[in-house]
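Structure data (mmCIF, N, CA and C atoms) from input10.cif:
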data_start
#
loop_
_atom_site.label_atom_id
_atom_site.label_comp_id
_atom_site.auth_asym_id
_atom_site.auth_seq_id
_atom_site.Cartn_x
_atom_site.Cartn_y
_atom_site.Cartn_z
N MET A 1 -17.69 0.80 32.03
CA MET A 1 -16.60 0.35 31.20
C MET A 1 -17.09 -0.68 30.19
N GLY A 2 -18.13 -1.41 30.52
CA GLY A 2 -18.76 -2.28 29.56
C GLY A 2 -17.96 -3.51 29.19
N VAL A 3 -17.88 -3.76 27.90
CA VAL A 3 -17.23 -4.95 27.37
C VAL A 3 -15.74 -4.94 27.68
N TRP A 4 -15.14 -3.77 27.71
CA TRP A 4 -13.69 -3.69 27.96
C TRP A 4 -13.32 -4.20 29.35
N SER A 5 -14.25 -4.16 30.28
CA SER A 5 -13.95 -4.71 31.61
C SER A 5 -13.71 -6.21 31.53
N LEU A 6 -14.41 -6.91 30.64
CA LEU A 6 -14.17 -8.35 30.46
C LEU A 6 -12.80 -8.60 29.84
N VAL A 7 -12.42 -7.77 28.89
CA VAL A 7 -11.11 -7.90 28.25
C VAL A 7 -10.01 -7.65 29.27
N ILE A 8 -10.15 -6.59 30.05
CA ILE A 8 -9.14 -6.25 31.06
C ILE A 8 -9.07 -7.34 32.12
N GLN A 9 -10.22 -7.91 32.50
CA GLN A 9 -10.21 -8.98 33.50
C GLN A 9 -9.44 -10.19 33.00
N ARG A 10 -9.67 -10.58 31.75
CA ARG A 10 -8.99 -11.75 31.18
C ARG A 10 -7.49 -11.51 31.07
N ALA A 11 -7.10 -10.33 30.59
CA ALA A 11 -5.67 -10.01 30.45
C ALA A 11 -4.99 -9.94 31.80
N THR A 12 -5.65 -9.34 32.78
CA THR A 12 -5.07 -9.24 34.12
C THR A 12 -4.91 -10.61 34.75
N PHE A 13 -5.90 -11.48 34.59
CA PHE A 13 -5.81 -12.82 35.15
C PHE A 13 -4.62 -13.57 34.58
N ASN A 14 -4.46 -13.53 33.25
CA ASN A 14 -3.34 -14.24 32.63
C ASN A 14 -2.00 -13.63 33.01
N LEU A 15 -1.93 -12.32 33.14
CA LEU A 15 -0.68 -11.66 33.54
C LEU A 15 -0.31 -12.03 34.98
N VAL A 16 -1.27 -12.02 35.89
CA VAL A 16 -1.00 -12.39 37.28
C VAL A 16 -0.60 -13.86 37.37
N LEU A 17 -1.24 -14.73 36.60
CA LEU A 17 -0.88 -16.15 36.58
C LEU A 17 0.56 -16.32 36.10
N PHE A 18 0.92 -15.63 35.02
CA PHE A 18 2.27 -15.73 34.48
C PHE A 18 3.31 -15.23 35.48
N ILE A 19 3.07 -14.08 36.09
CA ILE A 19 4.02 -13.52 37.05
C ILE A 19 4.15 -14.43 38.27
N GLY A 20 3.03 -14.97 38.74
CA GLY A 20 3.08 -15.87 39.89
C GLY A 20 3.88 -17.13 39.60
N CYS A 21 3.65 -17.73 38.45
CA CYS A 21 4.41 -18.92 38.08
C CYS A 21 5.88 -18.60 37.85
N TRP A 22 6.16 -17.44 37.30
CA TRP A 22 7.55 -17.02 37.07
C TRP A 22 8.28 -16.84 38.41
N LEU A 23 7.61 -16.25 39.38
CA LEU A 23 8.24 -16.02 40.68
C LEU A 23 8.45 -17.32 41.44
N VAL A 24 7.53 -18.26 41.31
CA VAL A 24 7.62 -19.53 42.04
C VAL A 24 8.64 -20.47 41.40
N SER A 25 8.81 -20.36 40.10
CA SER A 25 9.67 -21.28 39.37
C SER A 25 11.15 -21.05 39.69
N PRO A 26 11.91 -22.13 39.99
CA PRO A 26 13.34 -21.97 40.21
C PRO A 26 14.11 -21.78 38.90
N TRP A 27 13.53 -22.20 37.78
CA TRP A 27 14.20 -22.09 36.49
C TRP A 27 13.84 -20.76 35.86
N LYS A 28 14.82 -20.02 35.39
CA LYS A 28 14.60 -18.74 34.73
C LYS A 28 15.23 -18.80 33.34
N LEU A 29 14.54 -18.25 32.37
CA LEU A 29 15.02 -18.21 31.00
C LEU A 29 16.12 -17.18 30.87
N SER A 30 17.23 -17.57 30.27
CA SER A 30 18.33 -16.67 30.02
C SER A 30 18.48 -16.51 28.51
N LEU A 31 18.30 -15.30 28.01
CA LEU A 31 18.39 -15.07 26.57
C LEU A 31 19.82 -15.19 26.06
N ARG A 32 20.80 -15.11 26.92
CA ARG A 32 22.20 -15.26 26.50
C ARG A 32 22.53 -16.69 26.12
N LYS A 33 21.82 -17.65 26.69
CA LYS A 33 22.11 -19.06 26.42
C LYS A 33 21.38 -19.60 25.20
N ILE A 34 20.46 -18.84 24.64
CA ILE A 34 19.68 -19.32 23.51
C ILE A 34 20.46 -19.10 22.22
N ARG A 35 20.59 -20.16 21.44
CA ARG A 35 21.22 -20.09 20.13
C ARG A 35 20.18 -20.54 19.10
N LEU A 36 19.94 -19.73 18.10
CA LEU A 36 18.95 -20.04 17.09
C LEU A 36 19.62 -20.64 15.86
N ASN A 37 19.19 -21.82 15.50
CA ASN A 37 19.65 -22.46 14.28
C ASN A 37 18.74 -21.97 13.16
N ARG A 38 19.25 -21.09 12.33
CA ARG A 38 18.45 -20.44 11.31
C ARG A 38 17.85 -21.45 10.32
N GLY A 39 18.61 -22.44 9.94
CA GLY A 39 18.10 -23.45 9.00
C GLY A 39 16.96 -24.25 9.60
N ALA A 40 17.10 -24.66 10.85
CA ALA A 40 16.05 -25.44 11.50
C ALA A 40 14.80 -24.59 11.72
N ALA A 41 14.99 -23.34 12.08
CA ALA A 41 13.85 -22.46 12.29
C ALA A 41 13.10 -22.21 10.98
N THR A 42 13.84 -22.01 9.90
CA THR A 42 13.22 -21.80 8.60
C THR A 42 12.46 -23.05 8.16
N TRP A 43 13.05 -24.23 8.32
CA TRP A 43 12.37 -25.47 7.98
C TRP A 43 11.10 -25.63 8.79
N PHE A 44 11.19 -25.38 10.09
CA PHE A 44 10.04 -25.56 10.96
C PHE A 44 8.91 -24.62 10.56
N LEU A 45 9.25 -23.36 10.32
CA LEU A 45 8.20 -22.40 9.97
C LEU A 45 7.57 -22.70 8.62
N ARG A 46 8.39 -23.13 7.65
CA ARG A 46 7.84 -23.41 6.32
C ARG A 46 7.10 -24.74 6.27
N GLU A 47 7.67 -25.77 6.85
CA GLU A 47 7.09 -27.11 6.73
C GLU A 47 6.00 -27.38 7.77
N GLN A 48 6.28 -27.06 9.00
CA GLN A 48 5.35 -27.39 10.08
C GLN A 48 4.50 -26.22 10.51
N GLY A 49 5.03 -25.03 10.41
CA GLY A 49 4.33 -23.85 10.91
C GLY A 49 3.01 -23.60 10.22
N VAL A 50 2.96 -23.87 8.92
CA VAL A 50 1.71 -23.67 8.18
C VAL A 50 0.63 -24.61 8.70
N TYR A 51 0.98 -25.86 8.93
CA TYR A 51 -0.01 -26.82 9.43
C TYR A 51 -0.47 -26.45 10.84
N LEU A 52 0.47 -26.05 11.68
CA LEU A 52 0.10 -25.64 13.02
C LEU A 52 -0.81 -24.42 13.00
N TRP A 53 -0.52 -23.47 12.10
CA TRP A 53 -1.33 -22.27 12.00
C TRP A 53 -2.74 -22.61 11.54
N VAL A 54 -2.86 -23.48 10.53
CA VAL A 54 -4.17 -23.85 10.02
C VAL A 54 -4.98 -24.59 11.08
N VAL A 55 -4.35 -25.52 11.78
CA VAL A 55 -5.05 -26.27 12.83
C VAL A 55 -5.47 -25.32 13.96
N GLY A 56 -4.60 -24.40 14.33
CA GLY A 56 -4.95 -23.42 15.36
C GLY A 56 -6.10 -22.54 14.94
N LEU A 57 -6.10 -22.11 13.67
CA LEU A 57 -7.19 -21.28 13.16
C LEU A 57 -8.50 -22.05 13.14
N MET A 58 -8.44 -23.32 12.71
CA MET A 58 -9.65 -24.14 12.69
C MET A 58 -10.20 -24.35 14.10
N GLY A 59 -9.31 -24.60 15.05
CA GLY A 59 -9.74 -24.75 16.44
C GLY A 59 -10.37 -23.49 16.98
N TYR A 60 -9.79 -22.34 16.64
CA TYR A 60 -10.35 -21.06 17.09
C TYR A 60 -11.74 -20.85 16.51
N VAL A 61 -11.92 -21.14 15.22
CA VAL A 61 -13.21 -20.96 14.58
C VAL A 61 -14.25 -21.89 15.20
N VAL A 62 -13.88 -23.14 15.42
CA VAL A 62 -14.83 -24.09 15.99
C VAL A 62 -15.22 -23.69 17.42
N LEU A 63 -14.23 -23.28 18.22
CA LEU A 63 -14.52 -22.94 19.61
C LEU A 63 -15.17 -21.58 19.77
N SER A 64 -15.08 -20.72 18.76
CA SER A 64 -15.68 -19.38 18.85
C SER A 64 -16.99 -19.26 18.09
N PHE A 65 -17.38 -20.28 17.38
CA PHE A 65 -18.59 -20.18 16.57
C PHE A 65 -19.84 -19.99 17.43
N ASP A 66 -19.86 -20.62 18.60
CA ASP A 66 -21.02 -20.44 19.47
C ASP A 66 -21.13 -19.00 19.95
N ASP A 67 -19.99 -18.36 20.23
CA ASP A 67 -20.02 -16.95 20.61
C ASP A 67 -20.56 -16.09 19.47
N PHE A 68 -20.16 -16.42 18.25
CA PHE A 68 -20.64 -15.69 17.08
C PHE A 68 -22.16 -15.83 16.95
N LEU A 69 -22.65 -17.04 17.12
CA LEU A 69 -24.10 -17.26 17.01
C LEU A 69 -24.87 -16.52 18.09
N VAL A 70 -24.42 -16.63 19.32
CA VAL A 70 -25.12 -15.96 20.42
C VAL A 70 -25.07 -14.45 20.23
N GLY A 71 -23.92 -13.92 19.84
CA GLY A 71 -23.79 -12.48 19.65
C GLY A 71 -24.65 -11.95 18.52
N THR A 72 -24.75 -12.68 17.42
CA THR A 72 -25.52 -12.18 16.29
C THR A 72 -27.02 -12.45 16.45
N LEU A 73 -27.39 -13.58 17.02
CA LEU A 73 -28.81 -13.91 17.11
C LEU A 73 -29.50 -13.31 18.32
N VAL A 74 -28.80 -13.23 19.46
CA VAL A 74 -29.45 -12.79 20.69
C VAL A 74 -29.02 -11.38 21.09
N GLY A 75 -27.76 -11.04 20.91
CA GLY A 75 -27.31 -9.69 21.24
C GLY A 75 -26.06 -9.70 22.08
N VAL A 76 -25.49 -8.51 22.23
CA VAL A 76 -24.22 -8.36 22.92
C VAL A 76 -24.36 -8.61 24.42
N THR A 77 -25.44 -8.16 25.01
CA THR A 77 -25.64 -8.36 26.45
C THR A 77 -25.75 -9.85 26.77
N ALA A 78 -26.52 -10.56 25.98
CA ALA A 78 -26.64 -12.01 26.19
C ALA A 78 -25.31 -12.70 25.97
N LEU A 79 -24.51 -12.20 25.02
CA LEU A 79 -23.19 -12.78 24.78
C LEU A 79 -22.30 -12.60 26.00
N GLY A 80 -22.39 -11.45 26.66
CA GLY A 80 -21.62 -11.24 27.89
C GLY A 80 -22.01 -12.22 28.98
N PHE A 81 -23.31 -12.41 29.17
CA PHE A 81 -23.77 -13.38 30.17
C PHE A 81 -23.37 -14.80 29.79
N TYR A 82 -23.51 -15.13 28.51
CA TYR A 82 -23.14 -16.46 28.02
C TYR A 82 -21.65 -16.72 28.22
N SER A 83 -20.83 -15.73 27.92
CA SER A 83 -19.38 -15.87 28.05
C SER A 83 -18.98 -16.07 29.51
N MET A 84 -19.57 -15.27 30.40
CA MET A 84 -19.24 -15.42 31.82
C MET A 84 -19.72 -16.77 32.36
N ALA A 85 -20.91 -17.20 31.97
CA ALA A 85 -21.41 -18.51 32.43
C ALA A 85 -20.53 -19.64 31.91
N TYR A 86 -20.09 -19.52 30.66
CA TYR A 86 -19.22 -20.55 30.09
C TYR A 86 -17.88 -20.60 30.81
N ASN A 87 -17.31 -19.43 31.10
CA ASN A 87 -16.04 -19.38 31.82
C ASN A 87 -16.17 -19.91 33.24
N ILE A 88 -17.26 -19.60 33.89
CA ILE A 88 -17.48 -20.11 35.25
C ILE A 88 -17.64 -21.63 35.23
N SER A 89 -18.31 -22.15 34.21
CA SER A 89 -18.49 -23.61 34.13
C SER A 89 -17.17 -24.32 33.85
N LYS A 90 -16.21 -23.65 33.24
CA LYS A 90 -14.92 -24.27 32.96
C LYS A 90 -13.93 -24.14 34.11
N MET A 91 -14.22 -23.33 35.11
CA MET A 91 -13.28 -23.10 36.20
C MET A 91 -12.87 -24.36 36.95
N PRO A 92 -13.80 -25.22 37.38
CA PRO A 92 -13.36 -26.40 38.13
C PRO A 92 -12.41 -27.29 37.32
N LEU A 93 -12.70 -27.48 36.07
CA LEU A 93 -11.83 -28.29 35.23
C LEU A 93 -10.48 -27.62 35.04
N GLY A 94 -10.49 -26.30 34.91
CA GLY A 94 -9.23 -25.56 34.76
C GLY A 94 -8.37 -25.67 36.00
N TYR A 95 -8.99 -25.66 37.16
CA TYR A 95 -8.22 -25.79 38.40
C TYR A 95 -7.65 -27.19 38.55
N LEU A 96 -8.37 -28.18 38.05
CA LEU A 96 -7.89 -29.55 38.18
C LEU A 96 -6.86 -29.94 37.13
N THR A 97 -6.87 -29.29 35.99
CA THR A 97 -5.99 -29.71 34.90
C THR A 97 -5.00 -28.63 34.50
N GLY A 98 -5.37 -27.84 33.53
CA GLY A 98 -4.43 -26.97 32.83
C GLY A 98 -3.66 -25.97 33.64
N ARG A 99 -4.33 -25.12 34.38
CA ARG A 99 -3.65 -24.03 35.05
C ARG A 99 -2.71 -24.52 36.16
N THR A 100 -3.11 -25.58 36.84
CA THR A 100 -2.23 -26.08 37.90
C THR A 100 -1.03 -26.81 37.31
N TYR A 101 -1.23 -27.51 36.19
CA TYR A 101 -0.11 -28.18 35.55
C TYR A 101 0.97 -27.20 35.11
N PHE A 102 0.55 -26.02 34.68
CA PHE A 102 1.51 -25.02 34.21
C PHE A 102 2.47 -24.66 35.34
N CYS A 103 1.96 -24.41 36.51
CA CYS A 103 2.83 -24.05 37.64
C CYS A 103 3.66 -25.24 38.11
N PHE A 104 3.08 -26.45 38.09
CA PHE A 104 3.84 -27.60 38.55
C PHE A 104 4.93 -28.00 37.58
N LEU A 105 4.67 -27.86 36.28
CA LEU A 105 5.68 -28.23 35.31
C LEU A 105 6.85 -27.26 35.30
N PHE A 106 6.57 -26.00 35.45
CA PHE A 106 7.63 -24.99 35.38
C PHE A 106 8.01 -24.46 36.76
N GLY A 107 7.41 -25.00 37.80
CA GLY A 107 7.69 -24.49 39.14
C GLY A 107 8.37 -25.47 40.02
#
Would you mind writing the file out in structure tokens?
Amino acid sequence: MGVWSLVIQRATFNLVLFIGCWLVSPWKLSLRKIRLNRGAATWFLREQGVYLWVVGLMGYVVLSFDDFLVGTLVGVTALGFYSMAYNISKMPLGYLTGRTYFCFLFG
């Protein structure tokens, strides 16, 4: 399956995390209770959304540039090993911070 196995693994992990947190959480989103203020949404998207998009794009470029360098200079196989090693090195921090906070905040 090659590279697609890494994509499927990442998507499956995030889907299982989302479903698990959704099942554990006592609060459920009800679309009937949501009211959209069209003026506020338009203001937010025009005034703030552009800045958020640019900052998000810059963050993505900065955080992905190393993958680009490894993939172009060393090759796709090395990029796979580099990506897995990088993800494994981030696991302990992820367990201590981000992923657990998501379940505790919404659960």
- Message: Residues within 8 Å of segment 80-84 of chain A, please, as a VMD selection string. Count only N, CA and C atoms; anything in the same chain fewer than 5 positions from it doesn't count.
- Response: chain A and resid 3 67 70 to 71 75 89 to 90
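Relative to atom N of Ala41 of chain A, atom N of Gly56 of chain A is found at 19.7 Å.
Atom pair atom CA of Val61 of chain A / atom CA of Ala78 of chain A: separated by 19.9 Å.
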- Item | Atom pair atom CA of Ala40 of chain A / atom N of Val55 of chain A: separation (Å) | 20.4 Å
- Task: Assign secondary structure with DSSP using the backbone only, and return the residues of chain A in alpha helix (DSSP H) as an NGL selection string.
- Result: :A and (3-24 or 38-43 or 49-73 or 76-96 or 98-106)
Quick one: segment 27-38 of chain A with all heavy atoms, as an mmCIF file, in the coordinates of the input?
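What follows is the written file rebuild_9.cif:
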data_model
loop_
_atom_site.group_PDB
_atom_site.id
_atom_site.type_symbol
_atom_site.label_atom_id
_atom_site.label_comp_id
_atom_site.auth_asym_id
_atom_site.auth_seq_id
_atom_site.Cartn_x
_atom_site.Cartn_y
_atom_site.Cartn_z
ATOM 1 N N TRP A 27 13.530 -22.200 37.780
ATOM 2 C CA TRP A 27 14.200 -22.090 36.490
ATOM 3 C C TRP A 27 13.840 -20.760 35.860
ATOM 4 O O TRP A 27 12.677 -20.384 35.783
ATOM 5 C CB TRP A 27 13.764 -23.221 35.583
ATOM 6 C CG TRP A 27 14.358 -23.150 34.218
ATOM 7 C CD1 TRP A 27 15.607 -23.550 33.856
ATOM 8 C CD2 TRP A 27 13.753 -22.642 33.038
ATOM 9 N NE1 TRP A 27 15.807 -23.333 32.522
ATOM 10 C CE2 TRP A 27 14.680 -22.763 31.995
ATOM 11 C CE3 TRP A 27 12.513 -22.083 32.760
ATOM 12 C CZ2 TRP A 27 14.402 -22.359 30.701
ATOM 13 C CZ3 TRP A 27 12.241 -21.685 31.478
ATOM 14 C CH2 TRP A 27 13.181 -21.824 30.466
ATOM 15 N N LYS A 28 14.820 -20.020 35.390
ATOM 16 C CA LYS A 28 14.600 -18.740 34.730
ATOM 17 C C LYS A 28 15.230 -18.800 33.340
ATOM 18 O O LYS A 28 16.324 -19.314 33.156
ATOM 19 C CB LYS A 28 15.224 -17.582 35.508
ATOM 20 C CG LYS A 28 14.748 -17.464 36.937
ATOM 21 C CD LYS A 28 13.311 -17.024 37.004
ATOM 22 C CE LYS A 28 12.908 -16.753 38.434
ATOM 23 N NZ LYS A 28 11.754 -17.390 38.880
ATOM 24 N N LEU A 29 14.540 -18.250 32.370
ATOM 25 C CA LEU A 29 15.020 -18.210 31.000
ATOM 26 C C LEU A 29 16.120 -17.180 30.870
ATOM 27 O O LEU A 29 15.997 -16.057 31.316
ATOM 28 C CB LEU A 29 13.872 -17.850 30.050
ATOM 29 C CG LEU A 29 14.232 -17.698 28.584
ATOM 30 C CD1 LEU A 29 14.686 -19.036 28.018
ATOM 31 C CD2 LEU A 29 13.037 -17.182 27.811
ATOM 32 N N SER A 30 17.230 -17.570 30.270
ATOM 33 C CA SER A 30 18.330 -16.670 30.020
ATOM 34 C C SER A 30 18.480 -16.510 28.510
ATOM 35 O O SER A 30 18.761 -17.479 27.798
ATOM 36 C CB SER A 30 19.628 -17.203 30.621
ATOM 37 O OG SER A 30 20.704 -16.367 30.249
ATOM 38 N N LEU A 31 18.300 -15.300 28.010
ATOM 39 C CA LEU A 31 18.390 -15.070 26.570
ATOM 40 C C LEU A 31 19.820 -15.190 26.060
ATOM 41 O O LEU A 31 20.045 -15.375 24.876
ATOM 42 C CB LEU A 31 17.825 -13.694 26.238
ATOM 43 C CG LEU A 31 16.335 -13.520 26.509
ATOM 44 C CD1 LEU A 31 15.902 -12.102 26.198
ATOM 45 C CD2 LEU A 31 15.519 -14.512 25.702
ATOM 46 N N ARG A 32 20.800 -15.110 26.920
ATOM 47 C CA ARG A 32 22.200 -15.260 26.500
ATOM 48 C C ARG A 32 22.530 -16.690 26.120
ATOM 49 O O ARG A 32 23.441 -16.935 25.341
ATOM 50 C CB ARG A 32 23.130 -14.803 27.624
ATOM 51 C CG ARG A 32 23.001 -13.341 27.933
ATOM 52 C CD ARG A 32 23.903 -12.948 29.054
ATOM 53 N NE ARG A 32 23.531 -11.604 29.486
ATOM 54 C CZ ARG A 32 23.786 -11.123 30.663
ATOM 55 N NH1 ARG A 32 24.401 -11.849 31.568
ATOM 56 N NH2 ARG A 32 23.415 -9.904 30.972
ATOM 57 N N LYS A 33 21.820 -17.650 26.690
ATOM 58 C CA LYS A 33 22.110 -19.060 26.420
ATOM 59 C C LYS A 33 21.380 -19.600 25.200
ATOM 60 O O LYS A 33 21.650 -20.700 24.760
ATOM 61 C CB LYS A 33 21.713 -19.897 27.639
ATOM 62 C CG LYS A 33 22.528 -19.586 28.864
ATOM 63 C CD LYS A 33 22.076 -20.424 30.034
ATOM 64 C CE LYS A 33 22.851 -20.074 31.286
ATOM 65 N NZ LYS A 33 22.376 -20.826 32.442
ATOM 66 N N ILE A 34 20.460 -18.840 24.640
ATOM 67 C CA ILE A 34 19.680 -19.320 23.510
ATOM 68 C C ILE A 34 20.460 -19.100 22.220
ATOM 69 O O ILE A 34 20.932 -18.010 21.942
ATOM 70 C CB ILE A 34 18.323 -18.594 23.443
ATOM 71 C CG1 ILE A 34 17.476 -18.955 24.654
ATOM 72 C CG2 ILE A 34 17.599 -18.941 22.155
ATOM 73 C CD1 ILE A 34 16.152 -18.250 24.689
ATOM 74 N N ARG A 35 20.590 -20.160 21.440
ATOM 75 C CA ARG A 35 21.220 -20.090 20.130
ATOM 76 C C ARG A 35 20.180 -20.540 19.100
ATOM 77 O O ARG A 35 19.609 -21.623 19.223
ATOM 78 C CB ARG A 35 22.444 -21.012 20.045
ATOM 79 C CG ARG A 35 23.538 -20.655 21.012
ATOM 80 C CD ARG A 35 24.298 -19.421 20.497
ATOM 81 N NE ARG A 35 25.425 -19.131 21.360
ATOM 82 C CZ ARG A 35 25.459 -18.097 22.189
ATOM 83 N NH1 ARG A 35 24.442 -17.295 22.286
ATOM 84 N NH2 ARG A 35 26.520 -17.874 22.924
ATOM 85 N N LEU A 36 19.940 -19.730 18.100
ATOM 86 C CA LEU A 36 18.950 -20.040 17.090
ATOM 87 C C LEU A 36 19.620 -20.640 15.860
ATOM 88 O O LEU A 36 20.523 -20.045 15.288
ATOM 89 C CB LEU A 36 18.189 -18.771 16.694
ATOM 90 C CG LEU A 36 17.111 -18.928 15.628
ATOM 91 C CD1 LEU A 36 15.995 -19.831 16.152
ATOM 92 C CD2 LEU A 36 16.563 -17.588 15.227
ATOM 93 N N ASN A 37 19.190 -21.820 15.500
ATOM 94 C CA ASN A 37 19.650 -22.460 14.280
ATOM 95 C C ASN A 37 18.740 -21.970 13.160
ATOM 96 O O ASN A 37 17.584 -22.381 13.052
ATOM 97 C CB ASN A 37 19.588 -23.982 14.416
ATOM 98 C CG ASN A 37 20.134 -24.694 13.206
ATOM 99 O OD1 ASN A 37 20.279 -24.117 12.131
ATOM 100 N ND2 ASN A 37 20.435 -25.963 13.391
ATOM 101 N N ARG A 38 19.250 -21.090 12.330
ATOM 102 C CA ARG A 38 18.450 -20.440 11.310
ATOM 103 C C ARG A 38 17.850 -21.450 10.320
ATOM 104 O O ARG A 38 16.699 -21.322 9.910
ATOM 105 C CB ARG A 38 19.272 -19.389 10.580
ATOM 106 C CG ARG A 38 18.466 -18.484 9.709
ATOM 107 C CD ARG A 38 19.341 -17.383 9.149
ATOM 108 N NE ARG A 38 19.624 -16.393 10.160
ATOM 109 C CZ ARG A 38 19.063 -15.192 10.178
ATOM 110 N NH1 ARG A 38 18.210 -14.864 9.247
ATOM 111 N NH2 ARG A 38 19.364 -14.325 11.120
#
